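File shown: protein_9.txt (compact mmCIF, C-alpha atoms).
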```txt
# COMPACT_ATOMS: atom_id res chain seq x y z
CA MET H 946 -31.12 -25.13 -51.59
CA ILE H 947 -31.28 -21.69 -53.15
CA ILE H 948 -33.08 -19.20 -50.97
CA ARG H 949 -32.61 -21.28 -47.81
CA LYS H 950 -29.04 -22.58 -48.05
CA ASP H 951 -27.31 -22.36 -44.69
CA PHE H 952 -29.03 -19.74 -42.56
CA TYR H 953 -25.83 -18.31 -41.12
CA PHE H 954 -24.23 -18.07 -44.54
CA PHE H 955 -27.37 -16.29 -45.71
CA ILE H 956 -26.95 -13.69 -42.94
CA ILE H 957 -23.30 -13.06 -43.86
CA GLU H 958 -24.04 -12.87 -47.59
CA GLU H 959 -27.13 -10.71 -47.14
CA PHE H 960 -25.82 -8.13 -44.71
CA PHE H 961 -22.13 -7.91 -45.56
CA TRP H 962 -22.39 -8.11 -49.34
CA HIS H 963 -25.82 -7.37 -50.74
CA LYS H 964 -26.84 -4.77 -48.14
CA ILE H 965 -23.61 -2.79 -47.98
CA ILE H 966 -23.17 -2.58 -51.75
CA LEU H 967 -26.81 -1.94 -52.52
CA ARG H 968 -27.06 0.74 -49.83
CA PHE H 969 -23.88 2.53 -50.95
CA PRO H 970 -25.66 4.64 -53.63
CA HIS H 971 -28.26 5.73 -51.07
CA PHE H 972 -25.57 6.59 -48.53
CA PHE H 973 -23.83 8.67 -51.20
CA SER H 974 -26.99 10.59 -52.10
CA LEU H 975 -27.55 11.35 -48.40
CA TYR H 976 -23.87 12.13 -47.79
CA ILE H 977 -23.81 15.03 -50.22
CA LYS H 978 -26.91 16.50 -48.56
CA VAL H 979 -24.99 17.18 -45.35
CA PRO H 980 -24.82 21.02 -45.18
CA ASP H 981 -21.04 21.33 -45.67
CA ARG H 982 -21.01 18.75 -48.48
CA ALA H 983 -24.14 20.24 -50.03
CA ASP H 984 -22.50 23.66 -50.33
CA LEU H 985 -19.47 22.10 -51.98
CA PHE H 986 -21.48 20.03 -54.49
CA PHE H 987 -23.90 22.87 -55.18
CA SER H 988 -21.04 25.22 -56.02
CA VAL H 989 -19.80 22.77 -58.67
CA TYR H 990 -23.08 21.20 -59.83
CA SER H 991 -25.54 24.06 -59.31
CA ILE H 992 -28.11 22.62 -61.74
CA GLY H 993 -27.54 18.86 -61.76
CA TYR H 994 -26.95 18.56 -58.01
CA SER H 995 -30.45 17.24 -57.39
CA LEU H 996 -29.85 14.31 -59.79
CA ALA H 997 -27.65 12.57 -57.20
CA GLU H 998 -30.63 10.55 -55.92
CA THR H 999 -31.60 9.51 -59.45
CA ILE H 1000 -28.05 8.32 -60.12
CA ALA H 1001 -28.14 6.42 -56.82
CA SER H 1002 -31.40 4.76 -57.90
CA LEU H 1003 -29.87 3.81 -61.25
CA ILE H 1004 -26.86 2.14 -59.59
CA ALA H 1005 -29.10 0.40 -57.06
CA ALA H 1006 -31.32 -0.91 -59.87
CA ILE H 1007 -28.34 -2.41 -61.68
CA ILE H 1008 -27.17 -4.14 -58.49
CA MET H 1009 -30.71 -5.39 -57.78
CA PHE H 1010 -30.94 -6.80 -61.30
CA ILE H 1011 -27.62 -8.66 -60.86
CA VAL H 1012 -28.85 -10.10 -57.54
CA GLY H 1013 -32.15 -11.18 -59.11
CA LEU H 1014 -30.35 -12.74 -62.06
CA GLN H 1015 -28.11 -14.65 -59.68
CA VAL H 1016 -31.15 -16.02 -57.83
CA VAL H 1017 -32.75 -17.14 -61.12
CA THR H 1018 -29.50 -18.78 -62.31
CA GLU H 1019 -29.08 -20.68 -59.04
CA ALA H 1020 -32.74 -21.73 -59.21
CA PHE H 1021 -32.27 -23.37 -62.62
CA LYS H 1022 -29.09 -25.11 -61.42
CA GLU H 1023 -30.91 -26.45 -58.38
CA PHE H 1024 -33.91 -27.56 -60.44
CA PHE H 1025 -31.81 -29.70 -62.80
CA SER H 1026 -29.36 -30.83 -60.09
CA PRO H 1027 -31.47 -31.18 -56.92
CA THR H 1028 -29.91 -31.92 -53.53
CA ASP H 1029 -31.27 -33.86 -50.55
CA GLU H 1030 -30.37 -31.18 -48.02
CA ILE H 1031 -33.12 -30.49 -45.46
CA PRO H 1032 -32.68 -27.32 -43.35
CA GLU H 1033 -33.57 -26.95 -39.70
CA LEU H 1034 -37.25 -26.25 -39.12
CA PHE H 1035 -36.56 -23.25 -36.90
CA THR H 1036 -35.20 -21.40 -39.95
CA ALA H 1037 -38.74 -21.34 -41.35
CA PHE H 1038 -39.94 -19.37 -38.32
CA ILE H 1039 -36.97 -17.02 -38.61
CA GLY H 1040 -37.72 -16.56 -42.30
CA LEU H 1041 -41.36 -15.80 -41.54
CA PHE H 1042 -40.37 -13.24 -38.92
CA SER H 1043 -37.90 -11.68 -41.38
CA ALA H 1044 -40.59 -11.47 -44.08
CA ILE H 1045 -43.03 -9.68 -41.77
CA PHE H 1046 -40.34 -7.35 -40.44
CA MET H 1047 -39.03 -6.41 -43.92
CA TYR H 1048 -42.58 -5.89 -45.20
CA PHE H 1049 -43.22 -3.23 -42.56
CA ILE H 1050 -39.83 -1.66 -43.31
CA TYR H 1051 -40.85 -1.61 -46.98
CA ARG H 1052 -44.18 0.09 -46.17
CA TYR H 1053 -42.47 2.68 -43.99
CA ASN H 1054 -39.72 3.52 -46.50
CA ARG H 1055 -42.21 3.64 -49.37
CA LYS H 1056 -44.46 6.06 -47.47
CA LEU H 1057 -41.45 8.18 -46.53
CA SER H 1058 -40.19 8.20 -50.14
CA MET H 1059 -43.58 9.47 -51.33
CA GLU H 1060 -43.61 12.23 -48.72
CA LEU H 1061 -40.04 13.32 -49.47
CA LYS H 1062 -40.30 12.53 -53.20
CA SER H 1063 -37.01 10.67 -52.87
CA LYS H 1064 -36.06 8.31 -55.72
CA ALA H 1065 -33.19 6.76 -53.75
CA LEU H 1066 -35.44 6.02 -50.78
CA TYR H 1067 -38.05 4.53 -53.14
CA ALA H 1068 -35.40 2.20 -54.59
CA ALA H 1069 -34.42 1.22 -51.04
CA ALA H 1070 -38.09 0.46 -50.28
CA GLN H 1071 -38.32 -1.80 -53.32
CA ASP H 1072 -35.21 -3.62 -52.14
CA ASN H 1073 -36.91 -4.11 -48.75
CA ARG H 1074 -39.86 -5.66 -50.57
CA SER H 1075 -37.49 -7.99 -52.42
CA ASP H 1076 -36.03 -9.05 -49.06
CA ALA H 1077 -39.53 -9.86 -47.80
CA LEU H 1078 -40.22 -11.93 -50.92
CA VAL H 1079 -36.95 -13.82 -50.54
CA SER H 1080 -37.84 -14.64 -46.92
CA ILE H 1081 -41.32 -15.84 -47.94
CA GLY H 1082 -39.75 -17.98 -50.64
CA ALA H 1083 -37.37 -19.45 -48.06
CA VAL H 1084 -40.27 -20.37 -45.77
CA ILE H 1085 -42.17 -22.06 -48.62
CA GLY H 1086 -39.03 -23.92 -49.70
CA ILE H 1087 -38.33 -25.18 -46.17
CA ILE H 1088 -41.91 -26.34 -45.65
CA GLY H 1089 -41.86 -27.98 -49.09
CA SER H 1090 -38.73 -29.95 -48.14
CA TYR H 1091 -40.38 -31.33 -45.03
CA LEU H 1092 -43.40 -32.36 -47.09
CA GLY H 1093 -41.18 -34.03 -49.69
CA TRP H 1094 -41.78 -31.34 -52.31
CA GLY H 1095 -38.19 -30.40 -52.98
CA PHE H 1096 -39.06 -28.92 -56.36
CA LEU H 1097 -40.80 -25.98 -54.61
CA ASP H 1098 -37.48 -24.40 -53.62
CA PRO H 1099 -36.09 -23.77 -57.14
CA VAL H 1100 -39.54 -22.87 -58.51
CA ILE H 1101 -40.18 -20.26 -55.79
CA ALA H 1102 -36.60 -19.04 -56.08
CA ALA H 1103 -37.04 -18.48 -59.82
CA ILE H 1104 -40.29 -16.58 -59.29
CA VAL H 1105 -38.70 -14.38 -56.62
CA GLY H 1106 -35.69 -13.79 -58.85
CA PHE H 1107 -37.88 -12.69 -61.75
CA VAL H 1108 -39.84 -10.35 -59.45
CA ILE H 1109 -36.57 -8.77 -58.26
CA CYS H 1110 -35.39 -8.35 -61.87
CA HIS H 1111 -38.72 -6.82 -62.89
CA THR H 1112 -38.59 -4.35 -59.98
CA ALA H 1113 -35.01 -3.45 -60.83
CA TRP H 1114 -35.98 -2.88 -64.47
CA GLU H 1115 -38.81 -0.52 -63.49
CA ILE H 1116 -36.49 1.52 -61.27
CA PHE H 1117 -33.79 1.53 -63.96
CA LYS H 1118 -36.25 2.61 -66.66
CA GLU H 1119 -37.59 5.49 -64.55
CA ALA H 1120 -34.08 6.65 -63.62
CA VAL H 1121 -32.92 6.65 -67.26
CA HIS H 1122 -36.11 8.48 -68.27
CA GLU H 1123 -35.37 11.20 -65.73
CA LEU H 1124 -31.65 11.43 -66.53
CA THR H 1125 -32.50 12.00 -70.20
CA ASP H 1126 -34.89 14.83 -69.21
CA GLY H 1127 -38.03 12.84 -69.94
CA PHE H 1128 -41.26 14.18 -68.45
CA ASP H 1129 -44.85 12.99 -68.09
CA ALA H 1130 -46.75 14.32 -71.13
CA ALA H 1131 -50.09 14.37 -69.29
CA LYS H 1132 -48.65 16.41 -66.42
CA LEU H 1133 -46.99 18.77 -68.90
CA LYS H 1134 -50.39 19.36 -70.49
CA GLU H 1135 -51.88 20.13 -67.07
CA ILE H 1136 -49.11 22.64 -66.39
CA GLU H 1137 -49.79 24.28 -69.75
CA GLU H 1138 -53.48 24.66 -68.87
CA VAL H 1139 -52.61 26.26 -65.54
CA ILE H 1140 -50.37 28.79 -67.29
CA LYS H 1141 -52.99 29.48 -69.99
CA ASN H 1142 -55.64 30.16 -67.36
CA THR H 1143 -53.48 32.70 -65.57
CA PRO H 1144 -55.00 36.22 -65.95
CA GLY H 1145 -53.01 38.28 -68.44
CA VAL H 1146 -51.61 35.36 -70.43
CA THR H 1147 -52.50 35.51 -74.12
CA LEU H 1148 -50.52 32.58 -75.51
CA VAL H 1149 -48.23 29.83 -74.21
CA LYS H 1150 -45.36 28.64 -76.38
CA ASP H 1151 -42.40 26.28 -76.13
CA LEU H 1152 -43.23 24.77 -72.75
CA LYS H 1153 -40.59 22.36 -71.41
CA ALA H 1154 -40.19 20.60 -68.08
CA ARG H 1155 -37.69 18.24 -66.54
CA ALA H 1156 -37.31 16.51 -63.20
CA SER H 1157 -34.05 16.44 -61.24
CA GLY H 1158 -34.60 14.16 -58.28
CA ASN H 1159 -37.43 15.73 -56.32
CA ILE H 1160 -37.06 19.11 -58.05
CA THR H 1161 -39.04 19.98 -61.18
CA THR H 1162 -37.90 22.76 -63.51
CA VAL H 1163 -40.25 24.45 -66.00
CA ASP H 1164 -39.18 26.63 -68.95
CA VAL H 1165 -41.84 28.47 -70.93
CA ILE H 1166 -42.39 31.38 -73.29
CA VAL H 1167 -45.49 33.40 -72.42
CA PHE H 1168 -47.11 36.02 -74.67
CA VAL H 1169 -48.86 39.01 -73.09
CA LYS H 1170 -50.40 42.20 -74.48
CA SER H 1171 -47.76 44.48 -75.94
CA THR H 1172 -49.35 47.45 -74.16
CA LEU H 1173 -48.45 46.12 -70.72
CA SER H 1174 -45.59 47.67 -68.79
CA VAL H 1175 -42.59 45.70 -67.55
CA HIS H 1176 -44.00 45.79 -64.02
CA GLU H 1177 -47.41 44.48 -65.14
CA SER H 1178 -45.76 41.67 -67.13
CA HIS H 1179 -43.66 40.80 -64.11
CA LEU H 1180 -46.79 40.49 -61.96
CA ILE H 1181 -48.16 37.94 -64.45
CA THR H 1182 -44.99 35.83 -64.14
CA ASN H 1183 -45.34 36.01 -60.36
CA ARG H 1184 -48.89 34.64 -60.62
CA ILE H 1185 -47.71 31.78 -62.83
CA GLU H 1186 -44.88 30.89 -60.47
CA GLN H 1187 -47.18 30.99 -57.46
CA SER H 1188 -49.81 28.82 -59.16
CA LEU H 1189 -47.29 26.15 -60.16
CA GLN H 1190 -45.79 26.17 -56.70
CA ASP H 1191 -49.17 25.85 -54.98
CA ILE H 1192 -50.55 23.14 -57.28
CA TYR H 1193 -47.45 21.07 -58.22
CA ASN H 1194 -44.82 22.28 -55.73
CA ILE H 1195 -42.64 23.41 -58.64
CA GLN H 1196 -39.89 25.66 -57.30
CA ARG H 1197 -37.96 26.40 -60.49
CA VAL H 1198 -39.91 28.28 -63.16
CA HIS H 1199 -38.14 30.16 -65.94
CA ILE H 1200 -40.50 32.42 -67.86
CA HIS H 1201 -39.66 34.44 -70.94
CA ILE H 1202 -42.15 37.21 -71.74
CA GLU H 1203 -42.97 38.09 -75.36
CA PRO H 1204 -45.31 40.87 -76.64
CA TYR H 1205 -48.44 39.67 -78.46
```

Entire entry expressed as structure tokens:
Amino acid sequence: MIIRKDFYFFIIEEFFWHKIILRFPHFFSLYIKVPDRADLFFSVYSIGYSLAETIASLIAAIIMFIVGLQVVTEAFKEFFSPTDEIPELFTAFIGLFSAIFMYFIYRYNRKLSMELKSKALYAAAQDNRSDALVSIGAVIGIIGSYLGWGFLDPVIAAIVGFVICHTAWEIFKEAVHELTDGFDAAKLKEIEEVIKNTPGVTLVKDLKARASGNITTVDVIVFVKSTLSVHESHLITNRIEQSLQDIYNIQRVHIHIEPY
């Protein structure tokens, strides 16, 4: 059996191998946020410090993909070399309980990741969902064995494995996109419109934005009337910064003023 081998072996493998290794990147991203550690890391990585969560998500995605690939590989082996092993029926109830429990953990972590805008926590939530899927697959495989449908186990295992790989790929792709300073073009256009509509702004040029974890940085060149004083130009930049903070919660805005 693939998903439902020996239940006790599953517990050991799941919690002492998969969980500890997969959680390590998240523990690291949280570890450096402890005040004393944060001061140390911030003094060395004053700009890229906030990318720690993205790096944690990238590592977690790679580990998730390896786990998913392993499930798929074992599924194909089991499909072409089936066994007559029939697990205890009580493991189906335990699997069902585990699926329900991990689903609620997934919902909670996903909601929390959206509120905190945490990439590492989002990756952890997706891993929780994968756990729920594995448990559901185990239940279906066990029931299938009792009904004489042994082929269900490798088929469900393969489907679950592909879902895990797909989830890992999505997390990996987003992490790489962020680490290479990619940014949503539609959102960038919205930011440009907000800046253009700020009173006193004549022209917007060379707008760039990048995300570092849950922190977004905007760099822009803004043209204003050449007759304005330094103080008046500064007030315009303050309006832009306040607007971007209120609308998009953007804390880092670098504005270069040019006369028009």

Which residue of H:Phe1024, H:Ala1069, H:Tyr1053, H:Leu1061 approaches Leu1097 in chain H most closely, using only C-alpha atoms: H:Phe1024

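In this model, the gap between CA of Gly1040 in chain H and CA of Gly1106 in chain H comes to 16.9 Å.
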
Name the residues, using the chain letters and numbers of the file, that sit within 12 Å of (-50.8, 22.8, -67.6) when counting all atoms listed in the file, and give them as a PyMOL selection string. chain H and resi 1129-1143+1149-1150+1152-1154+1163+1165+1185+1188-1189+1192-1193

Please determine, counting all atoms listed in the file, which residue among H:Ala1001, H:Val1012, H:Ala1156, H:Val1146 has the shortest atom-to-atom distance to Lys1170 in chain H. H:Val1146

For Phe1117 in chain H, please output as a ChimeraX atom specification all residues within 9 Å (counting only C-alpha atoms; exclusion window: fewer than 3 positions along the same chain). /H:1002-1007,1112-1114,1120-1122

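The interatomic distance for the pair CA of Ile1195 in chain H and CA of Ile1000 in chain H works out to 21.0 Å.
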
Kindly extract all protein, DNA and RNA residues lying within 8 Å of the coordinates (-37.1, 31.0, -65.9) given in the file, considering only C-alpha atoms, and supply them as a tab-separated table (two decimals) with C-alpha atoms, keeping the file's coordinate frame.
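Saved the output as part29.tsv:
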```
chain	number	residue	atom	x	y	z
H	1163	VAL	CA	-40.25	24.45	-66.00
H	1164	ASP	CA	-39.18	26.63	-68.95
H	1165	VAL	CA	-41.84	28.47	-70.93
H	1197	ARG	CA	-37.96	26.40	-60.49
H	1198	VAL	CA	-39.91	28.28	-63.16
H	1199	HIS	CA	-38.14	30.16	-65.94
H	1200	ILE	CA	-40.50	32.42	-67.86
H	1201	HIS	CA	-39.66	34.44	-70.94
```

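Residues with any atom within 8 Å of Arg1155 in chain H, counting only C-alpha atoms and excluding same-chain neighbours fewer than 4 positions away, are Glu1123, Asp1126, Gly1127, Phe1128, Thr1161, Thr1162 and Val1163 of chain H.
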
Quick one: of H:Glu1186, H:Leu1148, H:Met1047, H:Gly1093, who's nearest to Tyr1205 in chain H, counting only C-alpha atoms? H:Leu1148

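The nearest approach to Ser1075 in chain H among the residues H:Leu1173, H:Leu1034, H:Ile1104, H:Ile1202, with all atoms listed in the file taken into account, belongs to H:Ile1104.
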
For Gln1071 in chain H, which residue out of H:Ser1174, H:Asn1159, H:Ser1043, H:Ser1058 is the nearest one, using all atoms listed in the file? H:Ser1058

Spatial neighbours of Glu1203 in chain H, max dist 9 Å, only C-alpha atoms, sep filter under 3 positions, as a ChimeraX atom specification: /H:1166-1171

Which residue is closest to Ile1101 in chain H? Choose from H:Tyr1067, H:Tyr1048, H:Phe1042, H:Phe1021 and count all atoms listed in the file. H:Phe1021

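With CA of Val1079 in chain H on one side and CA of Ala1102 in chain H on the other, the separation reads 7.6 Å.
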